[in-house]
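Here's the structure we're looking at; comments come further down.
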There are 2 protein chains.
Amino acid sequence: MDRMTVGVIGFGTVGAGVVKILLNNSKILEERAGMPVVLKKIADLDTTSDRGIRIPEGMLTADAEEILRDPEIRTVVEVIGGENPAKRFIEAALSAGKNVVTSNKEVIAKHGLHFAGLAEANGCSILYEAAVGGGIPILHAVRNSLSANKIEKVFGIVNGTTNYILTKMTGSGADFATALKEAQDLGYAEADPKNDVEGYDVAYKLAILAGLAFRCHVNYQDVFREGITKITPEDIAAAKRFNYSIKMAAIGMDRGGKLELRVHPVMIRNSHPLASVNDAFNAIYIRGDSVGDVMFYGQGAGEMPTASAVVGDIMNLAFRKAQGFAADSRYNLHPLAVMPIDECVTSFFIRYTVSDEPGVLATVSAVFAKHKVSIYSIQQGDADGGQAAITAITHPVEEKHMRDALAEMQTLACVKEICSVIRVGLGE
Amino acid sequence: MDRMTVGVIGFGTVGAGVVKILLNNSKILEERAGMPVVLKKIADLDTTSDRGIRIPEGMLTADAEEILRDPEIRTVVEVIGGENPAKRFIEAALSAGKNVVTSNKEVIAKHGLHFAGLAEANGCSILYEAAVGGGIPILHAVRNSLSANKIEKVFGIVNGTTNYILTKMTGSGADFATALKEAQDLGYAEADPKNDVEGYDVAYKLAILAGLAFRCHVNYQDVFREGITKITPEDIAAAKRFNYSIKMAAIGMDRGGKLELRVHPVMIRNSHPLASVNDAFNAIYIRGDSVGDVMFYGQGAGEMPTASAVVGDIMNLAFRKAQGFAADSRYNLHPLAVMPIDECVTSFFIRYTVSDEPGVLATVSAVFAKHKVSIYSIQQGDADGGQAAITAITHPVEEKHMRDALAEMQTLACVKEICSVIRVGLGE
């Protein structure tokens with residue numbers, strides 16, 4: 001009888017979830033896969049901590065090589081996270097003709113193309129559904145169910161940490177540092193939060209998703225990236241006055257042979273469904289030429305949702321075991337250049353202070369007009385200490401014009417400070 | 001070189017969409033499938049109408065047998081809809097070892113198990129992603145990506161026609177007949193709307209989805225079904241006062257070895273995401289033991305979204321061509337009984353009129369209490385002509401108790417009319 005023998009490298013949060021499903025649900029997995037799905041080995045440097053699951057004697061080792069060298073283990077789950085040593089383990093597994101399933105967005109964003117080549121050369125597969133959207137089956141849908149479509153756009157909220165922080169800032173009026181601290185206390189944010197709050201995690205995910213959606217190789221470093229650390233309670237309050245919410249967005253668009261790829265906070269109209277995606281939830285839209293907009297919503301992180309996606313990939317390998325398919329080899333990669341952010345067109349929210357004297361609005365407006373920046377809506381706050389706070393939303397404009405306008409504004413004596421510049425909307 | 005040769009039976013709305021994708025996107029389909037995906041023949045009794053796509057000379061025939069007898073055509077797309085003659089065509093195709101892709105919920109709900117057996121016996125497959133949720137890739141996700149989960153619950157809005165009608169009634173205050181007429185004028189509802197407004201279409205879809213989710217065979221006739229024809233503008237207005245919306249719901253739950261399957265209008269709190277799913281859109285929640293709640297949203301009908309799902313299935317067959325997998329054969333079917341609606345537990349909204357005299361509320365309340373019906377919220381309208389209108393929402397209660405309470409209420413002299421009884425919420 002055929003069987004699927006699995007080794008898991010990494011016994012942290014996600015690893016523990018994977019082990020729980022493989023051990024506790026083994027009967028239903030066997031029934032559905034049509035063969036036993038057998039966990040043989042787990043490797044982690046920490047062989048003593050309690051992960052809330054009882055594992056058979058001898059299953060846990062500190063030496064990943066035991067998994068990589070075991071000829072019976074044909075599928076290796078890598079759930080350590082981070083670039084190294086994950087990269088080395090994945091390379092070793094693929095080179096030995098073993099299938100790899102990973103939840104590791106960083107290593108896939110950085111080395112996915114290299115891994116796909118290794119998999120193809122060795123007749124095995126690498127799958128990474130859990131790397132984008134946690135438990136939400138977005139990558140498989142893009143690869144398979146939506147494959148009749150030319151995908152035109154992908155966008156959404158793909159980072160639970162930043163969404164949690166922004167949700168808290170919106171709900172309580174807390175500042176960024178306070179909301180971050182709360183997220184850290186609850187385990188939603190790392191001690192070193194840079195990967196999330198500076199947008200690296202979102203950029204990795206967008207690079208992976210856009211690569212599959214637009215059938216091209218995306219270098220994650222080409223993704224424009226801006227974090228949420230500068231968002232203030234004043235910005236959130238101003239957004240509310242305009243009936244908007246601030247969210248951390250990933251936006252990818254096929255601009256007729258060029259890709260627009262950007263990761264940054266955006267102001268979204270409250271009537272848009274993404275504005276209601278709160279806390280650690282993720283939601284991703286895919287726009288196809290036939291299907292129109294399809295949206296997927298669920299828990300984008302966490303032990304069991306992420307493990308659900310990892311084991312889903314294992315099951316997909318089991319379903320196709322006889323065939324030895326290489327997940328990425330069937331796609332021709334298109335050479336698509338990424339547009340410089342300068343050329344991207346978007347609306348902007350600007351918050352700035354001016355001296356409270358006649359003619360100031362006209363002076364600033366003239367600078368906007370000179371640089372083709374046209375104002376959609378403007379609000380002037382009460383003057384305070386000789387200064388007035390202005391909030392404005394522009395019509396869509398090329399980023400370079402906006403930047404030139406802002407640079408010239410800063411030379412004006414009447415402009416005291418440009419406090420915030422936040423993009424508005426999710427792309428046309 | 002390997003190739004995928006396709007015949008399409010039915011050249012109506014969906015058929016035209018399928019033909020458009022196969023002819024216009026043939027280059028990207030070939031690139032993704034790794035083989036040419038070739039449309040060879042289309043069969044429809046109407047061989048003259050313009051479907052908005054130019055097809056090669058000789059491709060369209062009035063005789064479906066030309067497709068069924070063609071040994072080169074290995075994949076037959078059935079997009080006629082309805083039970084007959086679709087059933088006969090599907091049987092003939094599967095018996096000849098041809099794969100079948102269909103968008104036909106009725107024929108799958110009624111004969112899916114029979115077809116799966118035929119497919120298995122003849123080494124071919126039948127796929128029907130488009131039968132539930134139109135372009136939304138829900139069935140494939142349940143079968144594949146979510147297969148690590150024990151699915152506990154499926155629920156959502158899966159009929160665009162009834163959702164359109166209820167959206168219009170909510171927006172404009174129109175009555176059912178007026179909103180139906182508008183839906184018919186716009187092509188959202190059939191001239192004979194019974195299939196949609198009486199809930200048959202939703203029951204077919206729930207039977208299919210629940211069968212896959214709970215790995216069992218569901219007889220669609222076991223699904224409790226109630227249509228939307230009795231919903232009045234007064235009900236919609238009362239729902240608004242309680243901050244609810246009325247939607248047509250499909251609800252399926254695994255109640256520990258018994259299934260709860262019901263299709264009926266429900267009142268949903270406006271804070272629930274499903275309350276904002278409007279017009280012809282669909283949204284479906286899947287609750288898995290690991291993944292939690294995942295929601296899928298998109299266009300549940302229409303030419304191109306439905307065609308996207310049909311061609312997605314063709315692509316899935318192409319991806320697996322070498323393997324000849326039988327889509328359903330890998331699942332063991334569990335023998336799960338469907339709970340009688342009497343045993344289902346839900347809250348109820350009740351609207352009734354009483355004589356405007358002291359003690360009436362106490363009399364009615366005593367009847368509720370006697371039958372274990374406990375009131376969550378109650379509103380009494382202004383008296384008018386000696387009568388007062390009462391609207392109440394109950395706590396969850398077994399349906400049989402509610403029915404007994406209503407029966408006894410009708411014997412009370414002080415109760416003039418029970419105008420409406422609508423279930424509340426989406427199951428616990």
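In the structure tokens, chains take letters A, B, ... by order of appearance, with residues numbered from 1 within each chain and ligands from 1 in the order shown.
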Quick check: residues of chain A within 7 Å of chain B, only C-alpha atoms, returned as a ChimeraX atom specification. /A:29,31-34,135-137,141,144-149,290-298,304-305,308-309,311-313,315-316,323,330-332
Please give the complete set of residues from stretch 151-215 of chain A that DSSP, run on the backbone, assigns to strand (DSSP E or B), formatted as a VMD selection string. chain A and resid 151 to 157
Can you tell me, as a PyMOL selection string, which residues in stretch 235-404 of chain A count as helix (DSSP H, G or I) by DSSP? chain A and resi 235-241+273-276+303-319+321-323+341-343+360-370+399-404
Tell me, in Å to one decimal, how far atom CA of A:Ala237 is from atom CA of A:Ala389.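 Straight-line distance from atom CA of A:Ala237 to atom CA of A:Ala389 works out to 12.8 Å.
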Residues at most 10 Å from stretch 45-54 of chain B, counting only C-alpha atoms, excluding those fewer than 5 positions away in the same chain, as a PyMOL selection string? chain B and resi 9-13+15-17+19-20+23-24+60-64
Please dump the current selection as a PDB file, in the first residue's frame; keep N, CA, C and O atoms.
ATOM      1  N   ILE B   9     -21.714  21.139 -24.806  1.00  0.00           N
ATOM      2  CA  ILE B   9     -23.134  20.920 -25.085  1.00  0.00           C
ATOM      3  C   ILE B   9     -23.936  21.998 -24.369  1.00  0.00           C
ATOM      4  O   ILE B   9     -23.941  22.071 -23.135  1.00  0.00           O
ATOM      5  N   GLY B  10     -24.583  22.856 -25.155  1.00  0.00           N
ATOM      6  CA  GLY B  10     -25.334  23.984 -24.602  1.00  0.00           C
ATOM      7  C   GLY B  10     -24.629  25.283 -24.968  1.00  0.00           C
ATOM      8  O   GLY B  10     -23.521  25.539 -24.498  1.00  0.00           O
ATOM      9  N   PHE B  11     -25.285  26.089 -25.803  1.00  0.00           N
ATOM     10  CA  PHE B  11     -24.650  27.331 -26.266  1.00  0.00           C
ATOM     11  C   PHE B  11     -25.538  28.509 -25.853  1.00  0.00           C
ATOM     12  O   PHE B  11     -25.812  29.397 -26.635  1.00  0.00           O
ATOM     13  N   GLY B  12     -25.963  28.476 -24.582  1.00  0.00           N
ATOM     14  CA  GLY B  12     -26.721  29.589 -24.014  1.00  0.00           C
ATOM     15  C   GLY B  12     -25.763  30.578 -23.375  1.00  0.00           C
ATOM     16  O   GLY B  12     -24.633  30.753 -23.836  1.00  0.00           O
ATOM     17  N   THR B  13     -26.184  31.203 -22.280  1.00  0.00           N
ATOM     18  CA  THR B  13     -25.367  32.239 -21.648  1.00  0.00           C
ATOM     19  C   THR B  13     -24.026  31.670 -21.177  1.00  0.00           C
ATOM     20  O   THR B  13     -22.960  32.181 -21.541  1.00  0.00           O
ATOM     21  N   GLY B  15     -22.658  28.712 -21.833  1.00  0.00           N
ATOM     22  CA  GLY B  15     -21.937  28.089 -22.953  1.00  0.00           C
ATOM     23  C   GLY B  15     -21.190  29.125 -23.769  1.00  0.00           C
ATOM     24  O   GLY B  15     -20.021  28.918 -24.145  1.00  0.00           O
ATOM     25  N   ALA B  16     -21.839  30.258 -24.035  1.00  0.00           N
ATOM     26  CA  ALA B  16     -21.179  31.308 -24.814  1.00  0.00           C
ATOM     27  C   ALA B  16     -19.951  31.826 -24.063  1.00  0.00           C
ATOM     28  O   ALA B  16     -18.899  32.072 -24.663  1.00  0.00           O
ATOM     29  N   GLY B  17     -20.071  31.966 -22.745  1.00  0.00           N
ATOM     30  CA  GLY B  17     -18.925  32.421 -21.945  1.00  0.00           C
ATOM     31  C   GLY B  17     -17.774  31.431 -22.018  1.00  0.00           C
ATOM     32  O   GLY B  17     -16.608  31.820 -22.171  1.00  0.00           O
ATOM     33  N   VAL B  19     -17.158  29.270 -24.402  1.00  0.00           N
ATOM     34  CA  VAL B  19     -16.586  29.304 -25.756  1.00  0.00           C
ATOM     35  C   VAL B  19     -15.694  30.536 -25.921  1.00  0.00           C
ATOM     36  O   VAL B  19     -14.604  30.469 -26.490  1.00  0.00           O
ATOM     37  N   LYS B  20     -16.146  31.663 -25.367  1.00  0.00           N
ATOM     38  CA  LYS B  20     -15.326  32.892 -25.457  1.00  0.00           C
ATOM     39  C   LYS B  20     -13.965  32.683 -24.813  1.00  0.00           C
ATOM     40  O   LYS B  20     -12.931  33.061 -25.374  1.00  0.00           O
ATOM     41  N   LEU B  23     -11.800  30.135 -26.863  1.00  0.00           N
ATOM     42  CA  LEU B  23     -11.296  30.650 -28.141  1.00  0.00           C
ATOM     43  C   LEU B  23     -10.382  31.869 -27.949  1.00  0.00           C
ATOM     44  O   LEU B  23      -9.317  31.950 -28.561  1.00  0.00           O
ATOM     45  N   ASN B  24     -10.793  32.804 -27.085  1.00  0.00           N
ATOM     46  CA  ASN B  24     -10.029  34.055 -26.956  1.00  0.00           C
ATOM     47  C   ASN B  24      -8.778  33.916 -26.091  1.00  0.00           C
ATOM     48  O   ASN B  24      -7.804  34.626 -26.296  1.00  0.00           O
ATOM     49  N   LEU B  60     -20.323  24.412 -34.809  1.00  0.00           N
ATOM     50  CA  LEU B  60     -21.619  24.339 -34.125  1.00  0.00           C
ATOM     51  C   LEU B  60     -22.538  23.328 -34.808  1.00  0.00           C
ATOM     52  O   LEU B  60     -22.746  23.384 -36.023  1.00  0.00           O
ATOM     53  N   THR B  61     -23.070  22.410 -34.020  1.00  0.00           N
ATOM     54  CA  THR B  61     -23.987  21.401 -34.553  1.00  0.00           C
ATOM     55  C   THR B  61     -25.244  21.367 -33.692  1.00  0.00           C
ATOM     56  O   THR B  61     -25.215  21.753 -32.526  1.00  0.00           O
ATOM     57  N   ALA B  62     -26.343  20.886 -34.271  1.00  0.00           N
ATOM     58  CA  ALA B  62     -27.580  20.729 -33.496  1.00  0.00           C
ATOM     59  C   ALA B  62     -27.607  19.365 -32.807  1.00  0.00           C
ATOM     60  O   ALA B  62     -28.494  19.078 -32.008  1.00  0.00           O
ATOM     61  N   ASP B  63     -26.630  18.528 -33.103  1.00  0.00           N
ATOM     62  CA  ASP B  63     -26.675  17.139 -32.645  1.00  0.00           C
ATOM     63  C   ASP B  63     -25.597  16.848 -31.604  1.00  0.00           C
ATOM     64  O   ASP B  63     -24.419  16.693 -31.926  1.00  0.00           O
ATOM     65  N   ALA B  64     -26.007  16.748 -30.334  1.00  0.00           N
ATOM     66  CA  ALA B  64     -25.052  16.487 -29.248  1.00  0.00           C
ATOM     67  C   ALA B  64     -24.334  15.147 -29.435  1.00  0.00           C
ATOM     68  O   ALA B  64     -23.213  14.963 -28.929  1.00  0.00           O
TER      69      ALA B  64
END
Which residues are close to B:Glu234, i.e. within 12 Å by only C-alpha atoms, leaving aside same-chain residues fewer than 2 positions away? Reply as a ChimeraX atom specification. /B:169-170,173-176,230-232,236-241,246,350-352,389-391,419-420
Which one is closest to B:Thr162: B:Pro265, B:Pro233, B:Gly256, B:Gly211? Count only C-alpha atoms. B:Pro265
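Near A:Val360, within 12 Å and counting only C-alpha atoms, sit Thr353, Val354, Ser355, Asp356, Val364, Ser365, Ala366, Val367, Gln380, Gln387, Ala388, Ala389, Ile390, Met409, Leu412, Ala413, Cys414, Val415 and Lys416 of chain A, not including residues fewer than 4 positions from it in the same chain.
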Between atom CA of A:Glu260 and atom CA of A:Cys344, what is the distance, to one decimal in Å?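 Distance reported for this atom pair: 7.0 Å.
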As an MDAnalysis selection string, please: the residues near stretch 393-395 of chain B (cut-off 7 Å, only C-alpha atoms, same-chain neighbours under 5 positions excluded). chainID B and resid 347:350 373:378
Identify which of the residues A:Ala318, A:Cys124, A:Phe214, A:Pro340 lies closest to A:Asp2, counting only C-alpha atoms when measuring atom-to-atom distances. A:Ala318
Quick one: residues within 9 Å of stretch 65-69 of chain B, only C-alpha atoms counted, chain neighbours fewer than 3 positions away excluded, as a PyMOL selection string? chain B and resi 6-9+40-43+61-62+72-73+76+89+92-93+96+98
Could you tell me how far atom CA of A:Val101 sits from atom CA of A:Pro85, in Å to one decimal place? 15.4 Å
